[in-house]
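What follows is the content of my_file-v3.txt (compact mmCIF, C-alpha atoms).
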```
# COMPACT_ATOMS: atom_id res chain seq x y z
CA MET A 173 72.05 2.51 -31.12
CA GLU A 174 73.09 -0.48 -33.22
CA THR A 175 70.28 -2.92 -33.87
CA ARG A 176 70.31 -6.36 -35.46
CA TYR A 177 67.69 -9.04 -36.09
CA CYS A 178 67.48 -12.82 -36.03
CA PHE A 179 67.41 -14.08 -39.64
CA LEU A 180 67.26 -17.77 -38.72
CA SER A 181 64.34 -19.85 -37.45
CA THR A 182 65.64 -19.34 -33.90
CA ALA A 183 68.79 -18.22 -32.14
CA PRO A 184 69.69 -19.23 -28.57
CA VAL A 185 70.24 -16.45 -26.05
CA ARG A 186 72.82 -17.51 -23.46
CA LYS A 187 73.75 -16.36 -19.98
CA GLU A 188 77.43 -16.02 -20.88
CA PRO A 189 79.26 -15.65 -24.23
CA SER A 190 79.83 -19.38 -24.73
CA HIS A 191 78.03 -22.19 -26.57
CA THR A 192 78.25 -24.25 -23.38
CA SER A 193 76.57 -21.56 -21.27
CA GLU A 194 72.95 -21.94 -20.13
CA MET A 195 70.32 -20.97 -22.69
CA VAL A 196 68.05 -18.43 -20.99
CA ASN A 197 65.90 -17.43 -23.96
CA GLN A 198 65.44 -17.77 -27.70
CA LEU A 199 65.10 -15.19 -30.43
CA LEU A 200 62.55 -16.04 -33.09
CA MET A 201 62.90 -15.12 -36.73
CA GLY A 202 62.55 -11.35 -37.13
CA ASP A 203 63.14 -10.50 -33.46
CA GLU A 204 65.17 -7.29 -33.19
CA VAL A 205 67.80 -6.56 -30.56
CA GLU A 206 69.98 -3.69 -29.44
CA ILE A 207 73.70 -4.44 -29.21
CA LEU A 208 75.04 -3.60 -25.75
CA ASP A 209 78.52 -5.14 -25.91
CA ILE A 210 80.70 -6.99 -28.42
CA GLN A 211 83.06 -9.86 -27.66
CA PRO A 212 84.88 -12.18 -30.09
CA GLU A 213 82.09 -14.08 -31.91
CA TRP A 214 79.45 -12.90 -29.42
CA VAL A 215 77.24 -9.87 -28.80
CA LEU A 216 75.36 -8.89 -25.65
CA THR A 217 71.82 -8.09 -26.73
CA ARG A 218 68.67 -6.46 -25.38
CA SER A 219 65.44 -7.57 -27.01
CA LEU A 220 63.42 -4.66 -28.37
CA PHE A 221 60.26 -6.69 -27.69
CA ASP A 222 60.67 -7.37 -23.97
CA ASP A 223 64.04 -5.85 -22.90
CA TYR A 224 65.43 -9.32 -22.11
CA LYS A 225 69.23 -9.40 -22.16
CA GLY A 226 71.65 -12.16 -23.09
CA TRP A 227 74.50 -13.24 -25.33
CA VAL A 228 73.93 -14.30 -28.94
CA SER A 229 76.39 -15.62 -31.51
CA ASP A 230 77.18 -12.80 -33.94
CA LYS A 231 76.81 -15.30 -36.81
CA GLN A 232 73.09 -15.61 -36.10
CA LEU A 233 72.19 -11.94 -36.35
CA ALA A 234 72.10 -9.51 -39.28
CA LYS A 235 72.04 -5.73 -39.41
CA CYS A 236 68.54 -4.27 -39.45
CA GLN A 237 67.33 -2.74 -42.67
CA ASN A 238 63.95 -1.34 -43.63
CA THR A 239 61.49 -3.59 -41.79
CA GLU A 240 58.34 -1.68 -42.75
CA ASN A 241 56.93 -4.73 -44.56
CA ASN A 242 58.20 -7.26 -42.03
CA SER A 243 55.66 -6.70 -39.27
CA PHE A 244 53.43 -9.77 -39.67
CA VAL A 245 53.38 -11.99 -36.58
CA VAL A 246 53.10 -15.62 -37.72
CA PRO A 247 50.13 -17.34 -35.99
CA ALA A 248 51.27 -20.94 -36.56
CA ASP A 249 54.45 -22.78 -37.52
CA ASN A 250 55.13 -22.16 -41.20
CA GLU A 251 57.90 -22.20 -43.81
CA MET A 252 59.65 -19.64 -45.97
CA LEU A 253 61.70 -20.14 -49.13
CA VAL A 254 64.83 -17.95 -49.11
CA ASN A 255 67.48 -18.27 -51.82
CA GLY A 256 66.42 -21.82 -52.55
CA ILE A 257 66.53 -22.82 -48.87
CA THR A 258 63.40 -23.73 -46.94
CA LEU A 259 63.48 -22.13 -43.50
CA LYS A 260 61.20 -23.11 -40.64
CA VAL A 261 59.24 -20.14 -39.33
CA PRO A 262 58.06 -20.72 -35.74
CA ALA A 263 54.74 -19.33 -34.53
CA GLY A 264 55.38 -15.89 -33.05
CA SER A 265 58.05 -14.96 -35.60
CA THR A 266 57.85 -11.60 -37.34
CA CYS A 267 58.30 -11.48 -41.11
CA ASN A 268 56.91 -10.48 -44.50
CA GLU A 269 53.63 -12.36 -44.90
CA THR A 270 54.04 -12.65 -48.68
CA MET A 271 57.14 -14.84 -48.22
CA LEU A 272 55.34 -17.54 -46.23
CA VAL A 273 54.52 -20.85 -47.87
CA ARG A 274 51.03 -21.00 -46.30
CA LYS A 275 48.51 -18.29 -45.55
CA ASP A 276 47.02 -19.49 -42.28
CA ASN A 277 43.64 -18.09 -41.31
CA ILE A 278 43.67 -18.72 -37.57
CA GLN A 279 41.61 -16.96 -34.93
CA ARG A 280 44.04 -15.15 -32.66
CA TYR A 281 42.55 -16.07 -29.29
CA PRO A 282 44.89 -17.20 -26.49
CA ILE A 283 43.33 -20.64 -26.11
CA THR A 284 43.15 -21.28 -29.87
CA ILE A 285 46.83 -20.43 -30.21
CA ALA A 286 47.88 -22.26 -27.03
CA LYS A 287 46.28 -25.52 -28.18
CA GLN A 288 48.67 -25.56 -31.16
CA PHE A 289 51.52 -26.13 -28.68
CA LEU A 290 49.96 -29.12 -26.88
CA GLY A 291 52.46 -31.95 -26.78
CA SER A 292 55.49 -29.71 -27.28
CA SER A 293 58.41 -30.70 -25.06
CA TYR A 294 59.52 -28.54 -22.16
CA LEU A 295 62.76 -26.64 -22.81
CA TRP A 296 64.22 -24.09 -20.40
CA GLY A 297 64.50 -20.82 -22.32
CA GLY A 298 62.56 -22.21 -25.30
CA ARG A 299 59.91 -20.31 -27.26
CA THR A 300 58.87 -22.70 -30.06
CA SER A 301 56.79 -25.84 -30.57
CA MET A 302 60.06 -27.79 -30.69
CA GLY A 303 60.69 -26.85 -27.05
CA ILE A 304 59.22 -24.21 -24.80
CA ASP A 305 59.06 -23.20 -21.13
CA CYS A 306 56.04 -22.02 -19.17
CA SER A 307 56.53 -18.27 -19.55
CA GLY A 308 57.81 -18.68 -23.12
CA LEU A 309 54.47 -20.32 -23.93
CA THR A 310 52.40 -17.51 -22.44
CA GLN A 311 54.59 -14.81 -23.97
CA VAL A 312 54.48 -16.24 -27.50
CA VAL A 313 50.75 -16.99 -27.34
CA PHE A 314 49.92 -13.44 -26.30
CA LYS A 315 52.39 -11.97 -28.80
CA ILE A 316 50.48 -13.72 -31.59
CA CYS A 317 47.30 -12.21 -30.12
CA GLY A 318 48.85 -8.72 -30.29
CA ILE A 319 49.74 -8.35 -26.60
CA LYS A 320 53.20 -7.80 -25.16
CA LEU A 321 54.17 -9.70 -22.04
CA PRO A 322 57.55 -9.72 -20.26
CA ARG A 323 59.69 -12.86 -20.58
CA ASP A 324 59.55 -14.40 -17.09
CA ALA A 325 56.59 -15.56 -14.98
CA SER A 326 57.82 -13.41 -12.07
CA GLN A 327 57.46 -10.38 -14.37
CA GLN A 328 54.22 -11.41 -16.06
CA VAL A 329 52.43 -11.59 -12.70
CA ASP A 330 52.58 -7.79 -12.55
CA CYS A 331 50.56 -7.48 -15.78
CA GLY A 332 46.81 -7.05 -16.03
CA THR A 333 44.44 -7.13 -13.07
CA SER A 334 43.86 -9.79 -10.43
CA VAL A 335 40.55 -11.71 -10.56
CA ASP A 336 38.89 -14.14 -8.15
CA PHE A 337 38.91 -17.79 -9.10
CA GLU A 338 35.10 -17.82 -9.34
CA ASN A 339 35.30 -15.10 -12.00
CA THR A 340 38.04 -16.61 -14.14
CA LYS A 341 37.53 -17.11 -17.84
CA ALA A 342 39.42 -18.68 -20.70
CA GLY A 343 42.51 -16.65 -21.57
CA ASP A 344 43.31 -15.51 -18.02
CA LEU A 345 46.81 -16.21 -16.75
CA ALA A 346 47.22 -18.34 -13.63
CA PHE A 347 50.39 -18.00 -11.55
CA PHE A 348 51.89 -20.48 -9.12
CA ALA A 349 54.33 -20.05 -6.24
CA ASN A 350 56.92 -22.15 -4.47
CA ASN A 351 57.04 -22.65 -0.69
CA GLU A 352 58.71 -19.26 -0.27
CA GLY A 353 55.89 -17.51 -2.13
CA ARG A 354 57.99 -16.77 -5.22
CA ILE A 355 56.24 -17.04 -8.58
CA VAL A 356 57.80 -19.96 -10.45
CA HIS A 357 55.14 -21.08 -12.94
CA VAL A 358 52.43 -19.68 -15.21
CA GLY A 359 49.74 -21.13 -17.47
CA ILE A 360 46.68 -20.11 -19.48
CA VAL A 361 43.22 -20.79 -18.07
CA ALA A 362 41.44 -22.91 -20.67
CA GLY A 363 37.93 -23.00 -19.21
CA ASN A 364 35.92 -25.92 -17.81
CA GLY A 365 38.29 -26.16 -14.87
CA THR A 366 41.41 -26.73 -16.96
CA ILE A 367 44.70 -24.99 -17.71
CA ILE A 368 47.24 -25.20 -20.55
CA HIS A 369 50.81 -24.97 -19.32
CA ALA A 370 54.34 -26.24 -19.98
CA SER A 371 55.50 -28.78 -17.42
CA GLY A 372 57.49 -31.64 -18.92
CA MET A 373 55.46 -30.91 -22.03
CA VAL A 374 52.70 -28.51 -22.96
CA ARG A 375 49.63 -30.15 -21.46
CA GLN A 376 46.07 -29.47 -20.36
CA ASP A 377 45.42 -30.29 -16.71
CA HIS A 378 42.75 -29.77 -14.07
CA LEU A 379 42.79 -26.39 -12.28
CA ASP A 380 41.05 -25.52 -9.01
CA THR A 381 41.56 -23.18 -6.07
CA THR A 382 44.41 -25.34 -4.77
CA GLY A 383 46.34 -25.39 -8.02
CA ILE A 384 47.13 -27.73 -10.90
CA TYR A 385 46.09 -31.37 -10.45
CA ASN A 386 47.88 -33.92 -12.63
CA SER A 387 45.49 -36.86 -12.97
CA GLU A 388 48.23 -39.13 -14.34
CA LEU A 389 50.35 -38.64 -11.22
CA GLY A 390 47.39 -38.27 -8.88
CA ILE A 391 48.90 -35.17 -7.21
CA TYR A 392 48.83 -31.40 -7.24
CA THR A 393 51.98 -30.26 -9.04
CA HIS A 394 51.67 -26.47 -8.63
CA ARG A 395 50.16 -24.26 -5.93
CA LEU A 396 47.90 -21.44 -7.15
CA GLN A 397 48.94 -17.95 -6.13
CA ASP A 398 47.13 -15.49 -8.40
CA ILE A 399 45.03 -15.18 -11.54
CA ARG A 400 45.46 -12.16 -13.78
CA ARG A 401 43.29 -10.90 -16.60
CA ILE A 402 45.22 -9.41 -19.50
CA ASP A 403 43.42 -6.85 -21.65
CA HIS A 404 42.94 -8.42 -25.09
```

I'd like the structure from this file rewritten - as structure tokens, please.
Amino acid sequence: METRYCFLSTAPVRKEPSHTSEMVNQLLMGDEVEILDIQPEWVLTRSLFDDYKGWVSDKQLAKCQNTENNSFVVPADNEMLVNGITLKVPAGSTCNETMLVRKDNIQRYPITIAKQFLGSSYLWGGRTSMGIDCSGLTQVVFKICGIKLPRDASQQVDCGTSVDFENTKAGDLAFFANNEGRIVHVGIVAGNGTIIHASGMVRQDHLDTTGIYNSELGIYTHRLQDIRRIDH
């Protein structure tokens, strides 16, 4: 099995081997992938973290070497100086802690981490504070907290155990369905009747048994389907 890793801040993962193809995911610095197929300038990859597949430019991956000392998951956006170049290191990246510019001492609780992303713009397939989607937010937050989640909301809903709304607590995942009952959205219960989620931007909105209420719009934007508790 040939494996490579993302040596840049991020690398887009695309549906087809083309720069104009839809971005379906992002690799963060240090993410490792298995190479499934090779095309001119492109490789079909499978993430070793969550099995997610997609095409990545072969110029944005390097061959894996000894990564024994590169297992630190970065809790907040940081920087790294490599060969005189300052690289951005997004929260959730995996690297050698000694190479980071700052040594952040951050409590790794889902809500503490999620609040760092408030105000980040929504980006389909994104996984960083510069742009992130709903399930990318939950996946990266829980990765920083030491918990693996699948990439998509429709997969994450199968994790953990279901809890009643009256028994929810901060850090639970809330899932939302469309009119056909398909899970299309996920967010992190933040306590005090609120939720942190990515919709237009990462925001904190009201949550009740009906769903997410956007006070700015004066409407419910998402219909609650299930709440799951993930073992921390």

Between A:Gln288, A:Gln311, A:Gln327, A:Ser229, which one has atoms that come closest to Ser190 in chain A, using all atoms listed in the file?
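Of A:Gln288, A:Gln311, A:Gln327, A:Ser229, the one nearest Ser190 in chain A, counting all atoms listed in the file, is A:Ser229.
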
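Using only C-alpha atoms, the protein and nucleic acid residues lying no more than 12 Å from Cys331 in chain A, apart from those fewer than 2 places from it along its own chain, are Gln311, Ile319, Lys320, Leu321, Pro322, Arg323, Asp324, Ala325, Ser326, Gln327, Gln328, Val329, Thr333, Ser334, Asp344, Leu345, Ala346, Phe347, Asp398, Ile399, Arg400, Arg401, Ile402 and Asp403 of chain A.
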
If you keep C-alpha atoms, can you produce a file of those selected residues as a PDB file, in the coordinates of the input?
```pdb
ATOM      1  CA  GLN A 311      54.590 -14.810 -23.970  1.00  0.00           C
ATOM      2  CA  ILE A 319      49.740  -8.350 -26.600  1.00  0.00           C
ATOM      3  CA  LYS A 320      53.200  -7.800 -25.160  1.00  0.00           C
ATOM      4  CA  LEU A 321      54.170  -9.700 -22.040  1.00  0.00           C
ATOM      5  CA  PRO A 322      57.550  -9.720 -20.260  1.00  0.00           C
ATOM      6  CA  ARG A 323      59.690 -12.860 -20.580  1.00  0.00           C
ATOM      7  CA  ASP A 324      59.550 -14.400 -17.090  1.00  0.00           C
ATOM      8  CA  ALA A 325      56.590 -15.560 -14.980  1.00  0.00           C
ATOM      9  CA  SER A 326      57.820 -13.410 -12.070  1.00  0.00           C
ATOM     10  CA  GLN A 327      57.460 -10.380 -14.370  1.00  0.00           C
ATOM     11  CA  GLN A 328      54.220 -11.410 -16.060  1.00  0.00           C
ATOM     12  CA  VAL A 329      52.430 -11.590 -12.700  1.00  0.00           C
ATOM     13  CA  THR A 333      44.440  -7.130 -13.070  1.00  0.00           C
ATOM     14  CA  SER A 334      43.860  -9.790 -10.430  1.00  0.00           C
ATOM     15  CA  ASP A 344      43.310 -15.510 -18.020  1.00  0.00           C
ATOM     16  CA  LEU A 345      46.810 -16.210 -16.750  1.00  0.00           C
ATOM     17  CA  ALA A 346      47.220 -18.340 -13.630  1.00  0.00           C
ATOM     18  CA  PHE A 347      50.390 -18.000 -11.550  1.00  0.00           C
ATOM     19  CA  ASP A 398      47.130 -15.490  -8.400  1.00  0.00           C
ATOM     20  CA  ILE A 399      45.030 -15.180 -11.540  1.00  0.00           C
ATOM     21  CA  ARG A 400      45.460 -12.160 -13.780  1.00  0.00           C
ATOM     22  CA  ARG A 401      43.290 -10.900 -16.600  1.00  0.00           C
ATOM     23  CA  ILE A 402      45.220  -9.410 -19.500  1.00  0.00           C
ATOM     24  CA  ASP A 403      43.420  -6.850 -21.650  1.00  0.00           C
TER      25      ASP A 403
END
```

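All residues of protein, DNA or RNA that reach within 8 Å of range 386-395 of chain A, judged by only C-alpha atoms and not counting those fewer than 2 positions away in the chain, are Phe348, Ala349, Asn350, His357, Asp377, His378, Thr382, Gly383, Ile384 and Gln397 of chain A.
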
Which of these residues is nearest to Cys306 in chain A, using only C-alpha atoms: A:Tyr294, A:Tyr385, A:Tyr177, A:Tyr224?
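Smallest separation from Cys306 in chain A among the options: A:Tyr294.
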
Between A:Val245, A:Met252, A:Val356, A:Leu309, which one has atoms that come closest to Pro282 in chain A, using only C-alpha atoms?
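Comparing A:Val245, A:Met252, A:Val356, A:Leu309 against Pro282 in chain A, the winner is A:Leu309.
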
Separating CA of Cys178 in chain A from CA of Val228 in chain A, to the nearest tenth of an Å, is a gap of 9.7 Å

Could you pull out every residue with an atom within 9 Å of (70.9, -16.1, -31.0), file coordinates, counting only C-alpha atoms, and send them as a count of residues only?
19

Closest to Ala342 in chain A among A:Leu272, A:Val205, A:Ala286, A:Val358, using all atoms listed in the file?
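Going through A:Leu272, A:Val205, A:Ala286, A:Val358 one by one, the smallest distance to Ala342 in chain A is for A:Ala286.
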